[in-house]
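model-v6.txt (compact mmCIF, C-alpha atoms) appears below.
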# COMPACT_ATOMS: atom_id res chain seq x y z
CA MET A 21 35.10 -17.59 -3.09
CA THR A 22 31.34 -17.62 -2.86
CA ARG A 23 29.09 -16.42 -5.61
CA LYS A 24 26.33 -14.17 -4.34
CA GLU A 25 23.00 -13.99 -6.06
CA ARG A 26 21.49 -10.53 -6.48
CA ARG A 27 17.72 -10.64 -6.59
CA LYS A 28 15.48 -8.23 -8.42
CA VAL A 29 12.50 -6.52 -6.81
CA PRO A 30 9.39 -8.43 -7.94
CA ARG A 31 7.46 -6.76 -10.72
CA GLN A 32 4.25 -6.49 -8.66
CA ILE A 33 6.01 -4.68 -5.82
CA ALA A 34 7.89 -2.41 -8.26
CA SER A 35 4.54 -1.66 -9.91
CA VAL A 36 2.97 -0.76 -6.57
CA ILE A 37 5.92 1.49 -5.71
CA GLY A 38 5.70 3.20 -9.12
CA SER A 39 1.96 3.75 -8.74
CA MET A 40 2.48 5.21 -5.28
CA ARG A 41 5.21 7.55 -6.53
CA ARG A 42 2.95 8.82 -9.30
CA ALA A 43 0.07 9.34 -6.85
CA VAL A 44 2.29 11.24 -4.43
CA MET A 45 3.67 13.45 -7.23
CA ARG A 46 0.15 14.25 -8.46
CA PHE A 47 -0.87 15.11 -4.91
CA PHE A 48 2.13 17.44 -4.49
CA LEU A 49 1.41 19.13 -7.82
CA VAL A 50 -2.26 19.72 -7.10
CA ASP A 51 -1.67 20.81 -3.50
CA GLY A 52 1.21 23.10 -4.49
CA PHE A 53 -0.73 24.78 -7.29
CA ASN A 54 -3.74 25.20 -4.98
CA LYS A 55 -1.62 27.00 -2.42
CA LEU A 56 0.14 29.06 -5.06
CA LEU A 57 -3.14 30.20 -6.59
CA LEU A 58 -4.57 30.93 -3.14
CA ALA A 59 -1.53 33.10 -2.34
CA LEU A 60 -1.89 34.85 -5.71
CA PHE A 61 -5.58 35.49 -5.07
CA ALA A 62 -4.82 36.82 -1.58
CA PHE A 63 -2.09 39.09 -3.01
CA VAL A 64 -4.44 40.48 -5.66
CA ALA A 65 -7.24 41.02 -3.10
CA ILE A 66 -4.95 42.77 -0.61
CA ASP A 67 -3.40 44.86 -3.38
CA PHE A 68 -6.84 45.87 -4.63
CA PHE A 69 -7.93 46.81 -1.10
CA LEU A 70 -4.76 48.86 -0.50
CA ASP A 71 -5.09 50.62 -3.87
CA ARG A 72 -8.68 51.61 -3.06
CA SER A 73 -7.92 52.64 0.52
CA PHE A 74 -4.63 54.55 0.21
CA ARG A 75 -2.95 56.80 -2.29
CA MET A 76 0.48 55.30 -2.92
CA ASP A 77 3.22 56.75 -5.06
CA LYS A 78 5.39 54.68 -7.45
CA PRO A 79 8.12 53.63 -4.95
CA GLN A 80 5.50 52.37 -2.49
CA ARG A 81 3.77 50.41 -5.26
CA ALA A 82 7.13 48.96 -6.32
CA ILE A 83 7.81 47.83 -2.74
CA MET A 84 4.36 46.20 -2.56
CA LEU A 85 5.01 44.45 -5.88
CA VAL A 86 8.40 43.15 -4.73
CA LEU A 87 6.90 41.93 -1.42
CA GLY A 88 4.08 40.18 -3.28
CA ILE A 89 6.45 38.49 -5.70
CA ALA A 90 8.69 37.42 -2.80
CA ILE A 91 5.72 35.84 -1.01
CA LEU A 92 4.63 34.05 -4.19
CA LEU A 93 8.16 32.74 -4.75
CA TYR A 94 8.30 31.52 -1.15
CA VAL A 95 4.99 29.66 -1.56
CA LEU A 96 6.18 28.25 -4.90
CA GLY A 97 9.41 26.96 -3.36
CA LYS A 98 8.00 25.62 -0.12
CA TYR A 99 4.76 24.01 -1.28
CA LEU A 100 5.52 23.02 -4.87
CA LEU A 101 9.22 22.72 -5.69
CA LYS A 102 10.55 21.36 -2.39
CA PRO A 103 8.02 18.47 -2.18
CA LEU A 104 8.52 17.61 -5.86
CA PHE A 105 12.29 17.36 -5.54
CA THR A 106 12.22 15.38 -2.28
CA ARG A 107 12.97 11.72 -2.92
CA LEU A 108 10.78 9.34 -0.96
CA SER A 109 12.30 5.98 -0.18
CA ASP A 110 10.64 2.78 -1.30
CA ASP A 111 10.59 1.59 2.30
CA ALA A 112 8.71 4.69 3.47
CA LEU A 113 6.11 4.31 0.74
CA LEU A 114 5.51 0.64 1.50
CA LEU A 115 5.31 1.29 5.24
CA GLN A 116 2.67 3.96 4.56
CA VAL A 117 0.67 1.49 2.49
CA GLU A 118 0.94 -1.20 5.15
CA GLN A 119 -0.16 1.24 7.82
CA SER A 120 -3.24 2.21 5.79
CA GLU A 121 -4.23 -1.24 4.54
CA GLU A 122 -5.52 -3.90 6.87
CA GLY A 123 -4.24 -7.46 6.65
CA LEU A 124 -0.91 -6.92 4.91
CA ASP A 125 1.05 -7.80 8.06
CA GLU A 126 4.29 -6.30 6.75
CA SER A 127 4.37 -8.67 3.79
CA LEU A 128 5.24 -5.91 1.29
CA ILE A 129 8.17 -4.49 3.23
CA SER A 130 9.45 -7.99 4.01
CA ALA A 131 9.30 -8.94 0.34
CA LEU A 132 11.12 -5.77 -0.65
CA GLU A 133 13.87 -6.23 1.92
CA LEU A 134 14.34 -9.92 1.16
CA SER A 135 14.42 -9.26 -2.59
CA ARG A 136 17.31 -6.85 -2.00
CA MET A 137 19.35 -9.42 -0.10
CA GLU A 138 22.41 -10.99 -1.62
CA ILE A 139 22.41 -14.68 -0.78
CA GLY A 140 25.60 -16.65 -1.00
CA GLU A 141 25.87 -20.37 -1.56
CA ARG A 142 27.18 -21.12 1.94
CA GLU A 143 24.86 -18.93 3.97
CA ASN A 144 22.53 -20.57 6.44
CA VAL A 145 19.31 -19.26 4.89
CA SER A 146 16.25 -21.03 3.62
CA VAL A 147 15.94 -19.96 0.00
CA GLY A 148 12.47 -21.52 -0.20
CA MET A 149 11.25 -19.41 2.72
CA ILE A 150 12.68 -16.26 1.14
CA ASN A 151 11.06 -17.04 -2.22
CA GLU A 152 7.72 -17.77 -0.51
CA THR A 153 7.87 -14.47 1.42
CA ILE A 154 8.65 -12.54 -1.75
CA GLU A 155 5.81 -14.26 -3.60
CA ARG A 156 3.40 -13.54 -0.73
CA GLY A 157 4.41 -9.87 -0.79
CA ALA A 158 3.93 -9.75 -4.55
CA GLU A 159 0.43 -11.24 -4.16
CA ALA A 160 -0.37 -8.65 -1.50
CA GLY A 161 0.83 -5.94 -3.88
CA ARG A 162 -1.82 -6.94 -6.41
CA SER A 163 -4.65 -6.43 -3.92
CA ILE A 164 -3.77 -2.89 -2.78
CA ASP A 165 -6.34 -0.15 -3.34
CA LEU A 166 -4.28 3.02 -3.86
CA GLU A 167 -7.49 5.07 -3.93
CA ARG A 168 -7.99 4.41 -0.25
CA VAL A 169 -4.34 4.48 0.80
CA PHE A 170 -3.59 7.96 -0.52
CA ARG A 171 -7.08 9.42 -0.23
CA LEU A 172 -7.16 10.16 -3.93
CA GLY A 173 -10.77 11.33 -3.62
CA LYS A 174 -9.55 14.34 -1.65
CA MET A 175 -6.89 14.98 -4.28
CA ARG A 176 -9.55 14.89 -7.02
CA PHE A 177 -11.63 17.40 -5.05
CA ASN A 178 -8.58 19.67 -4.82
CA ALA A 179 -7.96 19.25 -8.57
CA VAL A 180 -11.53 20.28 -9.32
CA LEU A 181 -11.18 23.19 -6.93
CA LEU A 182 -7.97 24.18 -8.70

As structure tokens - that is how I would like this structure written.
Amino acid sequence: MTRKERRKVPRQIASVIGSMRRAVMRFFLVDGFNKLLLALFAFVAIDFFLDRSFRMDKPQRAIMLVLGIAILLYVLGKYLLKPLFTRLSDDALLLQVEQSEEGLDESLISALELSRMEIGERENVSVGMINETIERGAEAGRSIDLERVFRLGKMRFNAVLL
């Protein structure tokens, strides 16, 4: 019976993944609230225009209110709640970073995948090579600029606009 060694994800890579998750969540929050407030503003503007242009009785106003609330709930669900409750995989986040950053050469994703491997005593694998690949990925994780990867400047502009 062989004993398999379960490796932990290196702290630097876990830190990068955590930072990326927080950045993505902030982006979804800001973008969702921007769209929700834009829909609310459009609803108020259209409602004001219709109130000034037409004489509506109470049932017609109630229908307009229900339609407006339905549209706002749709925007809330689609652009705020759905993205917030969607779980992004660690692999997808690291692949996005590697696509945006030059010179990583898939070192992050390789380190993550190799750190997840269970290595037995009798397997024909170079443990030194695996450790070196994980260490190289961890070093690459320290040099990542999340500002550029996730275009956080645009998110800050949207936050100010919000």

Distance query Leu113 in chain A at most 12 Å, only C-alpha atoms, self and fewer than 6 positions along chain excluded, as a PyMOL selection string: chain A and resi 33-34+36-44+107+119-120+128-129+132+166+169-170

The selected residues should be written to file as an mmCIF file, in the coordinates of the input (atoms: C-alpha atoms).
data_model
loop_
_atom_site.group_PDB
_atom_site.id
_atom_site.type_symbol
_atom_site.label_atom_id
_atom_site.label_comp_id
_atom_site.auth_asym_id
_atom_site.auth_seq_id
_atom_site.Cartn_x
_atom_site.Cartn_y
_atom_site.Cartn_z
ATOM 1 C CA ILE A 33 6.010 -4.680 -5.820
ATOM 2 C CA ALA A 34 7.890 -2.410 -8.260
ATOM 3 C CA VAL A 36 2.970 -0.760 -6.570
ATOM 4 C CA ILE A 37 5.920 1.490 -5.710
ATOM 5 C CA GLY A 38 5.700 3.200 -9.120
ATOM 6 C CA SER A 39 1.960 3.750 -8.740
ATOM 7 C CA MET A 40 2.480 5.210 -5.280
ATOM 8 C CA ARG A 41 5.210 7.550 -6.530
ATOM 9 C CA ARG A 42 2.950 8.820 -9.300
ATOM 10 C CA ALA A 43 0.070 9.340 -6.850
ATOM 11 C CA VAL A 44 2.290 11.240 -4.430
ATOM 12 C CA ARG A 107 12.970 11.720 -2.920
ATOM 13 C CA GLN A 119 -0.160 1.240 7.820
ATOM 14 C CA SER A 120 -3.240 2.210 5.790
ATOM 15 C CA LEU A 128 5.240 -5.910 1.290
ATOM 16 C CA ILE A 129 8.170 -4.490 3.230
ATOM 17 C CA LEU A 132 11.120 -5.770 -0.650
ATOM 18 C CA LEU A 166 -4.280 3.020 -3.860
ATOM 19 C CA VAL A 169 -4.340 4.480 0.800
ATOM 20 C CA PHE A 170 -3.590 7.960 -0.520
#

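The two atoms in question, CA of Ala62 in chain A and CA of Lys78 in chain A, are spaced 21.4 Å apart.
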
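Considering only C-alpha atoms, the residue among A:Asp110, A:Glu138, A:Asp71, A:Glu126 positioned nearest to Lys28 in chain A is A:Glu138.
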
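You can rank A:Leu49, A:Ser146, A:Asn151, A:Arg81 by their closest distance to Leu134 in chain A using all atoms listed in the file, and at the top of that list sits A:Asn151.
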
Atomic distance CA of Met149 in chain A - CA of Arg31 in chain A, expressed in Å with one decimal: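 Straight-line distance from CA of Met149 in chain A to CA of Arg31 in chain A works out to 18.8 Å.
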
Selection near range 85-93 of chain A, 8 Å with only C-alpha atoms, sequence-local residues under 5 positions removed, as number ranges by chain: A: 56, 59-60, 63

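When CA of Thr153 in chain A is paired with CA of Ser127 in chain A, their separation reads 7.2 Å.
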
Protein, DNA and RNA residues within 7 Å of (4.1, -7.8, -6.3), all atoms listed in the file, as a list in words: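 Residues close enough to count: Pro30, Arg31, Gln32, Ile33, Ala34, Gly157, Ala158, Glu159, Ala160, Gly161 and Arg162 of chain A.
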
Only N, CA and C atoms needed: put range 96-131 of chain A from the block into a file as an mmCIF file, in the first residue's frame.
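Saved result, decode-v6.cif, follows:
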data_model
loop_
_atom_site.group_PDB
_atom_site.id
_atom_site.type_symbol
_atom_site.label_atom_id
_atom_site.label_comp_id
_atom_site.auth_asym_id
_atom_site.auth_seq_id
_atom_site.Cartn_x
_atom_site.Cartn_y
_atom_site.Cartn_z
ATOM 1 N N LEU A 96 -31.657 43.644 -11.617
ATOM 2 C CA LEU A 96 -31.010 43.254 -10.363
ATOM 3 C C LEU A 96 -30.544 41.802 -10.421
ATOM 4 N N GLY A 97 -31.406 40.915 -10.900
ATOM 5 C CA GLY A 97 -31.038 39.506 -10.962
ATOM 6 C C GLY A 97 -29.963 39.206 -11.979
ATOM 7 N N LYS A 98 -30.099 39.781 -13.173
ATOM 8 C CA LYS A 98 -29.171 39.440 -14.255
ATOM 9 C C LYS A 98 -27.788 40.068 -14.082
ATOM 10 N N TYR A 99 -27.734 41.319 -13.672
ATOM 11 C CA TYR A 99 -26.460 42.036 -13.662
ATOM 12 C C TYR A 99 -25.820 42.156 -12.285
ATOM 13 N N LEU A 100 -26.542 41.800 -11.223
ATOM 14 C CA LEU A 100 -25.935 41.904 -9.904
ATOM 15 C C LEU A 100 -25.915 40.549 -9.183
ATOM 16 N N LEU A 101 -27.062 39.937 -9.028
ATOM 17 C CA LEU A 101 -27.117 38.701 -8.238
ATOM 18 C C LEU A 101 -26.510 37.503 -8.952
ATOM 19 N N LYS A 102 -26.833 37.327 -10.230
ATOM 20 C CA LYS A 102 -26.299 36.169 -10.959
ATOM 21 C C LYS A 102 -24.768 36.181 -11.022
ATOM 22 N N PRO A 103 -24.126 37.314 -11.384
ATOM 23 C CA PRO A 103 -22.656 37.299 -11.381
ATOM 24 C C PRO A 103 -22.053 37.098 -9.993
ATOM 25 N N LEU A 104 -22.704 37.626 -8.952
ATOM 26 C CA LEU A 104 -22.148 37.478 -7.612
ATOM 27 C C LEU A 104 -22.218 36.041 -7.101
ATOM 28 N N PHE A 105 -23.235 35.306 -7.516
ATOM 29 C CA PHE A 105 -23.376 33.933 -7.037
ATOM 30 C C PHE A 105 -22.780 32.903 -7.981
ATOM 31 N N THR A 106 -22.133 33.343 -9.049
ATOM 32 C CA THR A 106 -21.446 32.428 -9.960
ATOM 33 C C THR A 106 -20.045 32.179 -9.422
ATOM 34 N N ARG A 107 -19.710 30.929 -9.264
ATOM 35 C CA ARG A 107 -18.381 30.571 -8.732
ATOM 36 C C ARG A 107 -17.402 30.439 -9.885
ATOM 37 N N LEU A 108 -16.344 31.233 -9.831
ATOM 38 C CA LEU A 108 -15.288 31.145 -10.827
ATOM 39 C C LEU A 108 -14.230 30.161 -10.341
ATOM 40 N N SER A 109 -13.770 29.315 -11.230
ATOM 41 C CA SER A 109 -12.760 28.340 -10.827
ATOM 42 C C SER A 109 -11.392 29.009 -10.717
ATOM 43 N N ASP A 110 -10.553 28.421 -9.881
ATOM 44 C CA ASP A 110 -9.195 28.931 -9.727
ATOM 45 C C ASP A 110 -8.441 28.857 -11.044
ATOM 46 N N ASP A 111 -8.677 27.786 -11.792
ATOM 47 C CA ASP A 111 -7.993 27.616 -13.071
ATOM 48 C C ASP A 111 -8.363 28.735 -14.042
ATOM 49 N N ALA A 112 -9.648 29.074 -14.099
ATOM 50 C CA ALA A 112 -10.089 30.139 -15.011
ATOM 51 C C ALA A 112 -9.476 31.480 -14.631
ATOM 52 N N LEU A 113 -9.392 31.763 -13.346
ATOM 53 C CA LEU A 113 -8.793 33.023 -12.905
ATOM 54 C C LEU A 113 -7.311 33.093 -13.273
ATOM 55 N N LEU A 114 -6.598 31.997 -13.018
ATOM 56 C CA LEU A 114 -5.164 32.002 -13.328
ATOM 57 C C LEU A 114 -4.911 32.050 -14.827
ATOM 58 N N LEU A 115 -5.747 31.388 -15.608
ATOM 59 C CA LEU A 115 -5.587 31.468 -17.067
ATOM 60 C C LEU A 115 -5.836 32.890 -17.569
ATOM 61 N N GLN A 116 -6.790 33.591 -16.962
ATOM 62 C CA GLN A 116 -7.036 34.984 -17.335
ATOM 63 C C GLN A 116 -5.828 35.857 -17.011
ATOM 64 N N VAL A 117 -5.232 35.627 -15.858
ATOM 65 C CA VAL A 117 -4.036 36.392 -15.478
ATOM 66 C C VAL A 117 -2.898 36.097 -16.441
ATOM 67 N N GLU A 118 -2.698 34.829 -16.768
ATOM 68 C CA GLU A 118 -1.599 34.471 -17.659
ATOM 69 C C GLU A 118 -1.814 34.993 -19.063
ATOM 70 N N GLN A 119 -3.064 35.114 -19.469
ATOM 71 C CA GLN A 119 -3.348 35.676 -20.792
ATOM 72 C C GLN A 119 -3.054 37.174 -20.812
ATOM 73 N N SER A 120 -3.286 37.847 -19.699
ATOM 74 C CA SER A 120 -3.093 39.300 -19.642
ATOM 75 C C SER A 120 -1.646 39.688 -19.387
ATOM 76 N N GLU A 121 -0.943 38.910 -18.607
ATOM 77 C CA GLU A 121 0.432 39.236 -18.235
ATOM 78 C C GLU A 121 1.417 38.583 -19.197
ATOM 79 N N GLU A 122 2.391 39.328 -19.593
ATOM 80 C CA GLU A 122 3.451 38.806 -20.453
ATOM 81 C C GLU A 122 4.521 38.108 -19.615
ATOM 82 N N GLY A 123 5.076 37.046 -20.129
ATOM 83 C CA GLY A 123 6.224 36.404 -19.515
ATOM 84 C C GLY A 123 5.925 35.377 -18.428
ATOM 85 N N LEU A 124 4.678 35.079 -18.164
ATOM 86 C CA LEU A 124 4.379 34.069 -17.147
ATOM 87 C C LEU A 124 4.543 32.655 -17.687
ATOM 88 N N ASP A 125 4.305 32.472 -18.975
ATOM 89 C CA ASP A 125 4.510 31.186 -19.650
ATOM 90 C C ASP A 125 3.863 30.027 -18.911
ATOM 91 N N GLU A 126 2.631 30.210 -18.492
ATOM 92 C CA GLU A 126 1.834 29.185 -17.829
ATOM 93 C C GLU A 126 2.476 28.650 -16.554
ATOM 94 N N SER A 127 3.280 29.456 -15.897
ATOM 95 C CA SER A 127 3.911 28.987 -14.667
ATOM 96 C C SER A 127 2.917 28.947 -13.505
ATOM 97 N N LEU A 128 1.955 29.864 -13.474
ATOM 98 C CA LEU A 128 0.971 29.871 -12.390
ATOM 99 C C LEU A 128 0.052 28.653 -12.464
ATOM 100 N N ILE A 129 -0.493 28.403 -13.638
ATOM 101 C CA ILE A 129 -1.425 27.289 -13.773
ATOM 102 C C ILE A 129 -0.699 25.956 -13.573
ATOM 103 N N SER A 130 0.540 25.871 -14.031
ATOM 104 C CA SER A 130 1.319 24.646 -13.817
ATOM 105 C C SER A 130 1.575 24.422 -12.336
ATOM 106 N N ALA A 131 1.916 25.493 -11.624
ATOM 107 C CA ALA A 131 2.161 25.363 -10.187
ATOM 108 C C ALA A 131 0.894 24.953 -9.455
#
